[in-house]
file entry-v1.cif (mmCIF, C-alpha atoms)
data_protein
#
loop_
_atom_site.group_PDB
_atom_site.id
_atom_site.type_symbol
_atom_site.label_atom_id
_atom_site.label_comp_id
_atom_site.auth_asym_id
_atom_site.auth_seq_id
_atom_site.Cartn_x
_atom_site.Cartn_y
_atom_site.Cartn_z
ATOM 1 C CA LEU A 1 15.884 -145.429 133.009
ATOM 2 C CA THR A 2 13.793 -145.745 129.847
ATOM 3 C CA ASN A 3 10.316 -147.260 129.906
ATOM 4 C CA VAL A 4 10.677 -149.837 127.129
ATOM 5 C CA THR A 5 7.394 -151.448 126.039
ATOM 6 C CA LEU A 6 7.099 -154.783 124.247
ATOM 7 C CA ILE A 7 4.797 -153.783 121.390
ATOM 8 C CA THR A 8 2.956 -156.553 119.527
ATOM 9 C CA GLY A 9 0.906 -154.197 117.366
ATOM 10 C CA PHE A 10 -0.073 -150.618 116.649
ATOM 11 C CA LEU A 11 -3.356 -148.717 116.810
ATOM 12 C CA LEU A 12 -3.797 -146.478 113.779
ATOM 13 C CA MET A 13 -5.972 -143.597 114.907
ATOM 14 C CA VAL A 14 -6.357 -140.407 112.932
ATOM 15 C CA PHE A 15 -9.690 -139.225 114.370
ATOM 16 C CA PRO A 16 -10.573 -141.812 117.039
ATOM 17 C CA ASP A 17 -13.568 -139.936 118.492
ATOM 18 C CA ASP A 18 -15.321 -138.819 115.312
ATOM 19 C CA GLN A 19 -17.156 -141.630 113.507
ATOM 20 C CA MET A 20 -18.737 -139.298 110.942
ATOM 21 C CA LEU A 21 -15.344 -137.873 109.960
ATOM 22 C CA GLN A 22 -13.989 -141.409 109.576
ATOM 23 C CA ARG A 23 -16.866 -142.285 107.228
ATOM 24 C CA LEU A 24 -16.213 -139.162 105.163
ATOM 25 C CA TYR A 25 -12.540 -140.028 104.863
ATOM 26 C CA ALA A 26 -13.453 -143.596 103.873
ATOM 27 C CA ALA A 27 -15.671 -142.227 101.091
ATOM 28 C CA PHE A 28 -12.954 -139.799 99.957
ATOM 29 C CA PHE A 29 -10.245 -142.490 99.941
ATOM 30 C CA SER A 30 -12.569 -144.871 98.059
ATOM 31 C CA LEU A 31 -13.200 -142.278 95.357
ATOM 32 C CA VAL A 32 -9.504 -141.416 94.960
ATOM 33 C CA TYR A 33 -8.546 -145.101 94.900
ATOM 34 C CA LEU A 34 -11.107 -145.983 92.224
ATOM 35 C CA VAL A 35 -10.046 -143.025 90.068
ATOM 36 C CA ALA A 36 -6.355 -143.987 90.348
ATOM 37 C CA LEU A 37 -7.169 -147.647 89.640
ATOM 38 C CA VAL A 38 -9.250 -146.901 86.519
ATOM 39 C CA ARG A 39 -6.758 -144.398 85.105
ATOM 40 C CA ASN A 40 -3.724 -146.631 85.556
ATOM 41 C CA LEU A 41 -5.493 -149.773 84.320
ATOM 42 C CA LEU A 42 -6.574 -147.828 81.249
ATOM 43 C CA ILE A 43 -2.964 -146.886 80.480
ATOM 44 C CA ILE A 44 -1.793 -150.488 80.950
ATOM 45 C CA THR A 45 -4.567 -151.714 78.626
ATOM 46 C CA LEU A 46 -3.930 -149.131 75.897
ATOM 47 C CA THR A 47 -0.145 -149.570 75.876
ATOM 48 C CA THR A 48 -0.592 -153.354 75.696
ATOM 49 C CA ILE A 49 -3.169 -153.720 72.932
ATOM 50 C CA ASP A 50 -2.100 -150.942 70.532
ATOM 51 C CA GLN A 51 0.822 -151.630 68.212
ATOM 52 C CA HIS A 52 1.654 -147.915 67.849
ATOM 53 C CA LEU A 53 2.450 -147.693 71.577
ATOM 54 C CA GLN A 54 5.088 -150.455 71.627
ATOM 55 C CA THR A 55 8.003 -148.039 72.091
ATOM 56 C CA PRO A 56 10.394 -147.834 75.091
ATOM 57 C CA MET A 57 8.654 -144.697 76.425
ATOM 58 C CA TYR A 58 5.249 -146.408 76.600
ATOM 59 C CA PHE A 59 6.817 -149.610 77.929
ATOM 60 C CA PHE A 60 8.145 -147.606 80.876
ATOM 61 C CA LEU A 61 4.800 -145.799 81.243
ATOM 62 C CA LYS A 62 3.031 -149.155 81.481
ATOM 63 C CA ASN A 63 5.408 -150.244 84.246
ATOM 64 C CA LEU A 64 4.977 -146.910 86.027
ATOM 65 C CA SER A 65 1.184 -147.384 86.006
ATOM 66 C CA LEU A 66 1.587 -150.914 87.388
ATOM 67 C CA ILE A 67 3.789 -149.584 90.209
ATOM 68 C CA ASP A 68 1.273 -146.804 90.948
ATOM 69 C CA ILE A 69 -1.497 -149.392 91.324
ATOM 70 C CA CYS A 70 0.657 -151.456 93.693
ATOM 71 C CA TYR A 71 1.782 -148.356 95.605
ATOM 72 C CA ILE A 72 -1.717 -147.051 96.336
ATOM 73 C CA SER A 73 -3.151 -150.559 96.923
ATOM 74 C CA VAL A 74 -0.740 -151.234 99.802
ATOM 75 C CA THR A 75 -2.283 -148.584 102.055
ATOM 76 C CA VAL A 76 -5.672 -147.319 100.895
ATOM 77 C CA PRO A 77 -7.939 -150.443 100.759
ATOM 78 C CA LYS A 78 -6.952 -151.553 104.260
ATOM 79 C CA SER A 79 -7.445 -148.018 105.591
ATOM 80 C CA ILE A 80 -10.925 -147.850 104.038
ATOM 81 C CA MET A 81 -11.822 -151.187 105.623
ATOM 82 C CA ASN A 82 -10.534 -150.020 109.019
ATOM 83 C CA TYR A 83 -12.700 -146.903 108.857
ATOM 84 C CA LEU A 84 -15.818 -148.861 107.866
ATOM 85 C CA ILE A 85 -15.563 -151.628 110.470
ATOM 86 C CA ASN A 86 -13.911 -149.417 113.100
ATOM 87 C CA SER A 87 -10.925 -151.749 113.513
ATOM 88 C CA ASN A 88 -7.651 -149.881 113.905
ATOM 89 C CA PHE A 89 -5.259 -152.607 115.063
ATOM 90 C CA PHE A 90 -2.201 -153.573 113.013
ATOM 91 C CA SER A 91 0.100 -156.391 114.126
ATOM 92 C CA PHE A 92 3.816 -155.683 114.413
ATOM 93 C CA VAL A 93 4.575 -157.954 111.441
ATOM 94 C CA GLY A 94 1.688 -156.514 109.433
ATOM 95 C CA CYS A 95 2.881 -152.973 110.066
ATOM 96 C CA ALA A 96 6.463 -153.898 109.102
ATOM 97 C CA SER A 97 5.254 -155.519 105.876
ATOM 98 C CA LYS A 98 3.224 -152.404 105.000
ATOM 99 C CA VAL A 99 6.259 -150.166 105.557
ATOM 100 C CA PHE A 100 8.402 -152.513 103.472
ATOM 101 C CA LEU A 101 5.963 -152.565 100.531
ATOM 102 C CA VAL A 102 5.380 -148.800 100.574
ATOM 103 C CA ILE A 103 9.126 -148.085 100.528
ATOM 104 C CA VAL A 104 9.776 -150.795 97.912
ATOM 105 C CA PHE A 105 7.198 -149.379 95.483
ATOM 106 C CA ALA A 106 8.325 -145.805 96.159
ATOM 107 C CA GLY A 107 11.919 -146.837 95.448
ATOM 108 C CA ILE A 108 10.896 -148.638 92.238
ATOM 109 C CA GLU A 109 8.931 -145.573 91.126
ATOM 110 C CA LEU A 110 11.921 -143.280 91.670
ATOM 111 C CA SER A 111 14.163 -145.692 89.751
ATOM 112 C CA LEU A 112 11.648 -145.887 86.894
ATOM 113 C CA LEU A 113 11.452 -142.100 86.709
ATOM 114 C CA LEU A 114 15.243 -141.998 86.377
ATOM 115 C CA VAL A 115 15.088 -144.641 83.640
ATOM 116 C CA MET A 116 12.372 -142.669 81.834
ATOM 117 C CA PHE A 117 14.532 -139.561 82.036
ATOM 118 C CA TYR A 118 17.415 -141.463 80.434
ATOM 119 C CA ASP A 119 15.034 -142.636 77.711
ATOM 120 C CA ARG A 120 14.046 -139.033 76.832
ATOM 121 C CA TYR A 121 17.694 -137.935 77.057
ATOM 122 C CA ALA A 122 18.764 -140.621 74.569
ATOM 123 C CA ALA A 123 15.807 -139.955 72.248
ATOM 124 C CA ILE A 124 16.551 -136.229 71.947
ATOM 125 C CA LEU A 125 20.342 -136.043 72.130
ATOM 126 C CA CYS A 126 21.148 -139.321 70.334
ATOM 127 C CA PRO A 127 18.255 -139.823 67.881
ATOM 128 C CA LEU A 128 20.297 -141.778 65.334
ATOM 129 C CA HIS A 129 21.453 -144.326 67.911
ATOM 130 C CA TYR A 130 18.247 -144.354 69.985
ATOM 131 C CA GLU A 131 16.973 -147.753 68.816
ATOM 132 C CA ALA A 132 20.355 -149.365 69.532
ATOM 133 C CA ILE A 133 20.651 -147.691 72.960
ATOM 134 C CA MET A 134 17.082 -148.458 74.079
ATOM 135 C CA ASN A 135 16.479 -151.886 72.546
ATOM 136 C CA GLY A 136 14.023 -154.343 74.076
ATOM 137 C CA GLY A 137 16.614 -156.241 76.109
ATOM 138 C CA ILE A 138 18.031 -153.069 77.643
ATOM 139 C CA CYS A 139 14.540 -151.840 78.582
ATOM 140 C CA VAL A 140 13.731 -155.105 80.373
ATOM 141 C CA GLN A 141 17.080 -155.004 82.205
ATOM 142 C CA MET A 142 16.404 -151.419 83.345
ATOM 143 C CA VAL A 143 12.978 -152.318 84.712
ATOM 144 C CA THR A 144 14.422 -155.397 86.467
ATOM 145 C CA ALA A 145 17.166 -153.254 88.012
ATOM 146 C CA SER A 146 14.483 -150.808 89.220
ATOM 147 C CA TRP A 147 12.611 -153.610 90.994
ATOM 148 C CA PHE A 148 15.798 -154.931 92.564
ATOM 149 C CA SER A 149 16.897 -151.488 93.795
ATOM 150 C CA GLY A 150 13.430 -150.888 95.274
ATOM 151 C CA CYS A 151 13.577 -154.177 97.224
ATOM 152 C CA VAL A 152 17.034 -153.331 98.589
ATOM 153 C CA TYR A 153 15.860 -149.825 99.497
ATOM 154 C CA GLY A 154 12.795 -151.172 101.318
ATOM 155 C CA SER A 155 14.833 -153.750 103.249
ATOM 156 C CA ILE A 156 17.258 -151.097 104.492
ATOM 157 C CA HIS A 157 14.497 -148.817 105.788
ATOM 158 C CA VAL A 158 12.500 -151.613 107.426
ATOM 159 C CA ALA A 159 15.647 -152.806 109.205
ATOM 160 C CA GLY A 160 16.415 -149.261 110.358
ATOM 161 C CA THR A 161 12.848 -148.575 111.545
ATOM 162 C CA PHE A 162 11.996 -151.812 113.335
ATOM 163 C CA SER A 163 15.383 -152.352 114.966
ATOM 164 C CA VAL A 164 14.543 -149.550 117.437
ATOM 165 C CA LEU A 165 12.985 -149.949 120.878
ATOM 166 C CA PHE A 166 9.510 -148.450 121.292
ATOM 167 C CA CYS A 167 8.669 -146.551 124.474
ATOM 168 C CA GLY A 168 5.216 -145.888 125.891
ATOM 169 C CA SER A 169 2.170 -145.657 123.637
ATOM 170 C CA ASN A 170 1.528 -147.795 120.566
ATOM 171 C CA ILE A 171 -0.952 -145.302 119.053
ATOM 172 C CA VAL A 172 0.003 -144.038 115.594
ATOM 173 C CA HIS A 173 -1.924 -140.950 114.521
ATOM 174 C CA GLN A 174 -1.940 -141.870 110.862
ATOM 175 C CA PHE A 175 -4.115 -143.841 108.428
ATOM 176 C CA PHE A 176 -1.319 -146.339 107.641
ATOM 177 C CA CYS A 177 2.036 -147.412 109.062
ATOM 178 C CA ASP A 178 4.586 -144.909 107.849
ATOM 179 C CA ILE A 179 8.157 -144.380 109.009
ATOM 180 C CA PRO A 180 7.939 -140.775 110.335
ATOM 181 C CA SER A 181 4.951 -141.627 112.577
ATOM 182 C CA LEU A 182 6.551 -144.845 113.874
ATOM 183 C CA LEU A 183 9.796 -143.064 114.727
ATOM 184 C CA THR A 184 7.923 -140.708 117.064
ATOM 185 C CA LEU A 185 7.144 -143.779 119.232
ATOM 186 C CA ALA A 186 10.767 -144.945 119.434
ATOM 187 C CA CYS A 187 12.919 -144.457 122.507
ATOM 188 C CA SER A 188 15.034 -141.324 122.460
ATOM 189 C CA GLY A 189 18.290 -141.896 120.580
ATOM 190 C CA ASP A 190 17.227 -145.192 118.976
ATOM 191 C CA GLN A 191 15.992 -143.483 115.804
ATOM 192 C CA ILE A 192 19.397 -142.125 114.800
ATOM 193 C CA LEU A 193 20.207 -144.957 112.344
ATOM 194 C CA GLU A 194 16.910 -144.617 110.457
ATOM 195 C CA TYR A 195 17.175 -140.820 110.467
ATOM 196 C CA VAL A 196 20.576 -141.240 108.814
ATOM 197 C CA PHE A 197 19.007 -143.553 106.200
ATOM 198 C CA ILE A 198 16.241 -140.988 105.524
ATOM 199 C CA ILE A 199 18.668 -138.075 105.199
ATOM 200 C CA VAL A 200 20.973 -140.064 102.891
ATOM 201 C CA SER A 201 17.971 -141.142 100.777
ATOM 202 C CA CYS A 202 16.681 -137.579 100.496
ATOM 203 C CA CYS A 203 20.160 -136.304 99.594
ATOM 204 C CA PHE A 204 20.477 -138.987 96.907
ATOM 205 C CA ALA A 205 17.039 -138.112 95.492
ATOM 206 C CA PHE A 206 17.932 -134.409 95.526
ATOM 207 C CA VAL A 207 21.224 -135.072 93.702
ATOM 208 C CA CYS A 208 19.314 -137.103 91.088
ATOM 209 C CA PHE A 209 16.849 -134.239 90.687
ATOM 210 C CA ILE A 210 19.664 -131.689 90.216
ATOM 211 C CA PHE A 211 21.334 -134.017 87.711
ATOM 212 C CA MET A 212 18.080 -134.234 85.750
ATOM 213 C CA VAL A 213 17.620 -130.458 85.819
ATOM 214 C CA VAL A 214 21.160 -129.876 84.497
ATOM 215 C CA SER A 215 20.643 -132.514 81.807
ATOM 216 C CA TYR A 216 17.363 -130.913 80.796
ATOM 217 C CA VAL A 217 19.263 -127.665 80.219
ATOM 218 C CA TYR A 218 21.276 -129.537 77.569
ATOM 219 C CA ILE A 219 18.058 -131.022 76.183
ATOM 220 C CA VAL A 220 16.426 -127.574 75.945
ATOM 221 C CA SER A 221 19.474 -126.138 74.200
ATOM 222 C CA THR A 222 19.277 -128.989 71.679
ATOM 223 C CA VAL A 223 15.527 -128.586 71.165
ATOM 224 C CA LEU A 224 15.872 -124.851 70.528
ATOM 225 C CA ARG A 225 18.093 -125.640 67.541
ATOM 226 C CA ILE A 226 15.241 -127.487 65.841
ATOM 227 C CA PRO A 227 14.155 -125.212 62.953
ATOM 228 C CA SER A 228 10.487 -126.251 62.983
ATOM 229 C CA SER A 229 8.312 -124.729 65.736
ATOM 230 C CA GLN A 230 6.037 -127.782 65.516
ATOM 231 C CA GLY A 231 9.043 -130.055 66.066
ATOM 232 C CA ARG A 232 10.137 -128.021 69.078
ATOM 233 C CA PHE A 233 6.651 -128.180 70.578
ATOM 234 C CA LYS A 234 6.375 -131.957 70.040
ATOM 235 C CA THR A 235 9.759 -132.562 71.673
ATOM 236 C CA PHE A 236 8.950 -130.335 74.643
ATOM 237 C CA SER A 237 5.589 -132.070 75.075
ATOM 238 C CA THR A 238 7.360 -135.399 75.705
ATOM 239 C CA CYS A 239 9.704 -133.860 78.324
ATOM 240 C CA MET A 240 7.552 -131.532 80.424
ATOM 241 C CA PRO A 241 5.215 -134.260 81.785
ATOM 242 C CA HIS A 242 8.271 -136.114 83.083
ATOM 243 C CA VAL A 243 9.522 -132.978 84.867
ATOM 244 C CA ASN A 244 6.067 -132.471 86.442
ATOM 245 C CA VAL A 245 5.796 -136.085 87.636
ATOM 246 C CA VAL A 246 9.320 -136.111 89.133
ATOM 247 C CA THR A 247 8.702 -132.777 90.881
ATOM 248 C CA LEU A 248 5.371 -133.982 92.299
ATOM 249 C CA PHE A 249 6.795 -137.291 93.528
ATOM 250 C CA LEU A 250 9.997 -135.940 95.093
ATOM 251 C CA SER A 251 8.478 -132.800 96.627
ATOM 252 C CA SER A 252 5.656 -134.755 98.311
ATOM 253 C CA GLY A 253 8.180 -137.279 99.665
ATOM 254 C CA PHE A 254 10.489 -134.542 100.951
ATOM 255 C CA ILE A 255 7.615 -132.786 102.726
ATOM 256 C CA ALA A 256 6.421 -136.000 104.370
ATOM 257 C CA TYR A 257 9.804 -137.360 105.505
ATOM 258 C CA LEU A 258 11.646 -134.148 106.338
ATOM 259 C CA GLY A 259 8.621 -132.406 107.846
ATOM 260 C CA LEU A 260 7.791 -132.359 111.534
ATOM 261 C CA ASN A 261 5.777 -135.282 112.931
ATOM 262 C CA SER A 262 4.089 -135.169 116.300
ATOM 263 C CA LYS A 263 2.696 -137.806 118.664
ATOM 264 C CA SER A 264 -0.682 -136.058 118.755
ATOM 265 C CA PRO A 265 -3.364 -135.950 116.029
ATOM 266 C CA SER A 266 -2.513 -133.363 113.404
ATOM 267 C CA SER A 267 -4.296 -132.376 110.205
ATOM 268 C CA LEU A 268 -0.903 -131.379 108.795
ATOM 269 C CA ASN A 269 0.500 -134.897 109.322
ATOM 270 C CA LEU A 270 -2.552 -136.419 107.641
ATOM 271 C CA PHE A 271 -2.321 -133.973 104.740
ATOM 272 C CA MET A 272 1.368 -134.771 104.179
ATOM 273 C CA SER A 273 0.654 -138.509 104.147
ATOM 274 C CA VAL A 274 -2.192 -138.063 101.671
ATOM 275 C CA LEU A 275 0.115 -135.885 99.579
ATOM 276 C CA TYR A 276 2.765 -138.544 98.992
ATOM 277 C CA SER A 277 0.617 -141.708 99.147
ATOM 278 C CA LEU A 278 -2.499 -140.755 97.142
ATOM 279 C CA LEU A 279 -1.546 -137.821 94.937
ATOM 280 C CA PRO A 280 1.227 -139.283 92.699
ATOM 281 C CA PRO A 281 -0.655 -142.490 91.712
ATOM 282 C CA SER A 282 -3.809 -140.452 91.011
ATOM 283 C CA LEU A 283 -2.246 -137.634 89.004
ATOM 284 C CA ASN A 284 0.576 -139.463 87.169
ATOM 285 C CA PRO A 285 -1.771 -140.881 84.492
ATOM 286 C CA VAL A 286 -3.253 -137.444 83.804
ATOM 287 C CA ILE A 287 0.066 -135.604 83.737
ATOM 288 C CA TYR A 288 2.067 -138.197 81.868
ATOM 289 C CA SER A 289 -0.234 -140.178 79.629
ATOM 290 C CA LEU A 290 -3.866 -139.211 79.255
ATOM 291 C CA ARG A 291 -2.953 -135.722 77.999
ATOM 292 C CA ASN A 292 -0.564 -137.243 75.449
ATOM 293 C CA LYS A 293 -1.691 -136.815 71.837
ATOM 294 C CA ASP A 294 -0.941 -140.425 70.853
ATOM 295 C CA MET A 295 -2.680 -141.788 73.945
ATOM 296 C CA LYS A 296 -5.754 -139.655 73.231
ATOM 297 C CA ALA A 297 -5.942 -140.991 69.685
ATOM 298 C CA VAL A 298 -5.666 -144.603 70.840
ATOM 299 C CA LEU A 299 -8.220 -143.974 73.600
ATOM 300 C CA ARG A 300 -10.749 -142.631 71.079
ATOM 301 C CA ILE A 301 -10.286 -145.731 68.921
ATOM 302 C CA PHE A 302 -10.531 -147.980 71.985
ATOM 303 C CA LEU A 303 -13.770 -146.357 73.148
#

call {"tool": "encode", "arguments": {"input": "entry-v1.cif", "output": "structure tokens"}}
result
Amino acid sequence: LTNVTLITGFLLMVFPDDQMLQRLYAAFFSLVYLVALVRNLLIITLTTIDQHLQTPMYFFLKNLSLIDICYISVTVPKSIMNYLINSNFFSFVGCASKVFLVIVFAGIELSLLLVMFYDRYAAILCPLHYEAIMNGGICVQMVTASWFSGCVYGSIHVAGTFSVLFCGSNIVHQFFCDIPSLLTLACSGDQILEYVFIIVSCCFAFVCFIFMVVSYVYIVSTVLRIPSSQGRFKTFSTCMPHVNVVTLFLSSGFIAYLGLNSKSPSSLNLFMSVLYSLLPPSLNPVIYSLRNKDMKAVLRIFL
């Protein structure tokens, strides 16, 4: 017989007995959140007000920054508040909504990264037809499709996670409700459906990554035919940030969702969660935009 517990909420406890450590983590999360917020808001502002940045690439960058703000805002502010007021309870519905929003924004971000890859592919391999391929209407449709796919993706994972029966404790050793930690509380055998969803999602993301790598081989071969070394460098400079961002986002997600999660407090579990929830929104602006020559020029004028 299985001891099935009717759970009405979850207790999020990373370091329940160490108040000083909780305060330090609250300060650290606050700093990271403010940095991510300022960087992404700066990109949204610059790409909106400057007429030279009204191209498809910067339109997608603006949407990526908006998604990064939403993605980090789902988890971090509430976690900071919990640490400061020492309140760790999350209702069942509240936890489900957090999981849904995190997965939705992660799914939208992955879709946007694929769209941005297609944009660079078209710009380099089809330069004469680029404006026709990536016109304003097509760009808006691609962003809309990214939002829709993210909502579908989030609904599937929430259904798979919260359709299980939970046995025993309702303590989640994590700073927000995430799927791997919640599945450790499920009754044995009930998690199979969601594990299938996770494996299929990771396989799909890996196939997309391989497809991008193969396509970049074609892009590199095309770039190497450019006679001017300055032209080659400029073209590479628009591609390499995208490769770095995709690698950072997918690798952190793979580590978090395919790594081992335990029912006891673990610094490794906390590190993996920080890796995929805080790192991409904080570093994306630096990798993708703020080191861009055009963005630097506009930023100097803006300041």

call {"tool": "atom_distance", "arguments": {"input": "entry-v1.cif", "atom1": "CA of Pro281 (chain A)", "atom2": "CA of Val172 (chain A)"}}
result
23.9 Å

call {"tool": "resolve_selection", "arguments": {"input": "entry-v1.cif", "expression": "the PyMOL selection byres ((chain A and resi 114) around 12)", "output": "compact mmCIF listing (two decimals) with C-alpha atoms, in the coordinates of the input"}}
result
# COMPACT_ATOMS: atom_id res chain seq x y z
CA PHE A 60 8.14 -147.61 80.88
CA LEU A 64 4.98 -146.91 86.03
CA GLY A 107 11.92 -146.84 95.45
CA ILE A 108 10.90 -148.64 92.24
CA GLU A 109 8.93 -145.57 91.13
CA LEU A 110 11.92 -143.28 91.67
CA SER A 111 14.16 -145.69 89.75
CA LEU A 112 11.65 -145.89 86.89
CA LEU A 113 11.45 -142.10 86.71
CA VAL A 115 15.09 -144.64 83.64
CA MET A 116 12.37 -142.67 81.83
CA PHE A 117 14.53 -139.56 82.04
CA TYR A 118 17.42 -141.46 80.43
CA ASP A 119 15.03 -142.64 77.71
CA ARG A 120 14.05 -139.03 76.83
CA TYR A 121 17.69 -137.94 77.06
CA MET A 142 16.40 -151.42 83.34
CA VAL A 143 12.98 -152.32 84.71
CA ALA A 145 17.17 -153.25 88.01
CA SER A 146 14.48 -150.81 89.22
CA ALA A 205 17.04 -138.11 95.49
CA VAL A 207 21.22 -135.07 93.70
CA CYS A 208 19.31 -137.10 91.09
CA PHE A 209 16.85 -134.24 90.69
CA ILE A 210 19.66 -131.69 90.22
CA PHE A 211 21.33 -134.02 87.71
CA MET A 212 18.08 -134.23 85.75
CA VAL A 213 17.62 -130.46 85.82
CA SER A 215 20.64 -132.51 81.81
CA HIS A 242 8.27 -136.11 83.08
CA VAL A 243 9.52 -132.98 84.87
CA VAL A 245 5.80 -136.08 87.64
CA VAL A 246 9.32 -136.11 89.13
CA LEU A 250 10.00 -135.94 95.09

call {"tool": "atom_distance", "arguments": {"input": "entry-v1.cif", "atom1": "CA of Leu165 (chain A)", "atom2": "CA of Phe254 (chain A)"}}
result
25.3 Å

call {"tool": "residues_around", "arguments": {"input": "entry-v1.cif", "residues": "Thr48 (chain A)", "least_positions_apart": "6", "cutoff": "9 Å", "atoms": "all atoms listed in the file", "output": "PyMOL selection string"}}
result
chain A and resi 54+59+62

call {"tool": "closest_residue", "arguments": {"input": "entry-v1.cif", "among": "A:Asn292, A:Ser155, A:Ser251, A:Thr75", "to": "Ile103 (chain A)", "atoms": "all atoms listed in the file"}}
result
A:Ser155

call {"tool": "closest_residue", "arguments": {"input": "entry-v1.cif", "among": "A:Gln141, A:Ser273, A:Asn284, A:Ser87", "to": "Phe10 (chain A)", "atoms": "all atoms listed in the file"}}
result
A:Ser87

call {"tool": "atom_distance", "arguments": {"input": "entry-v1.cif", "atom1": "CA of Ala96 (chain A)", "atom2": "CA of Cys177 (chain A)"}}
result
7.9 Å

call {"tool": "closest_residue", "arguments": {"input": "entry-v1.cif", "among": "A:Ile171, A:Ile301, A:Cys139, A:Val102", "to": "Gly253 (chain A)", "atoms": "all atoms listed in the file"}}
result
A:Val102
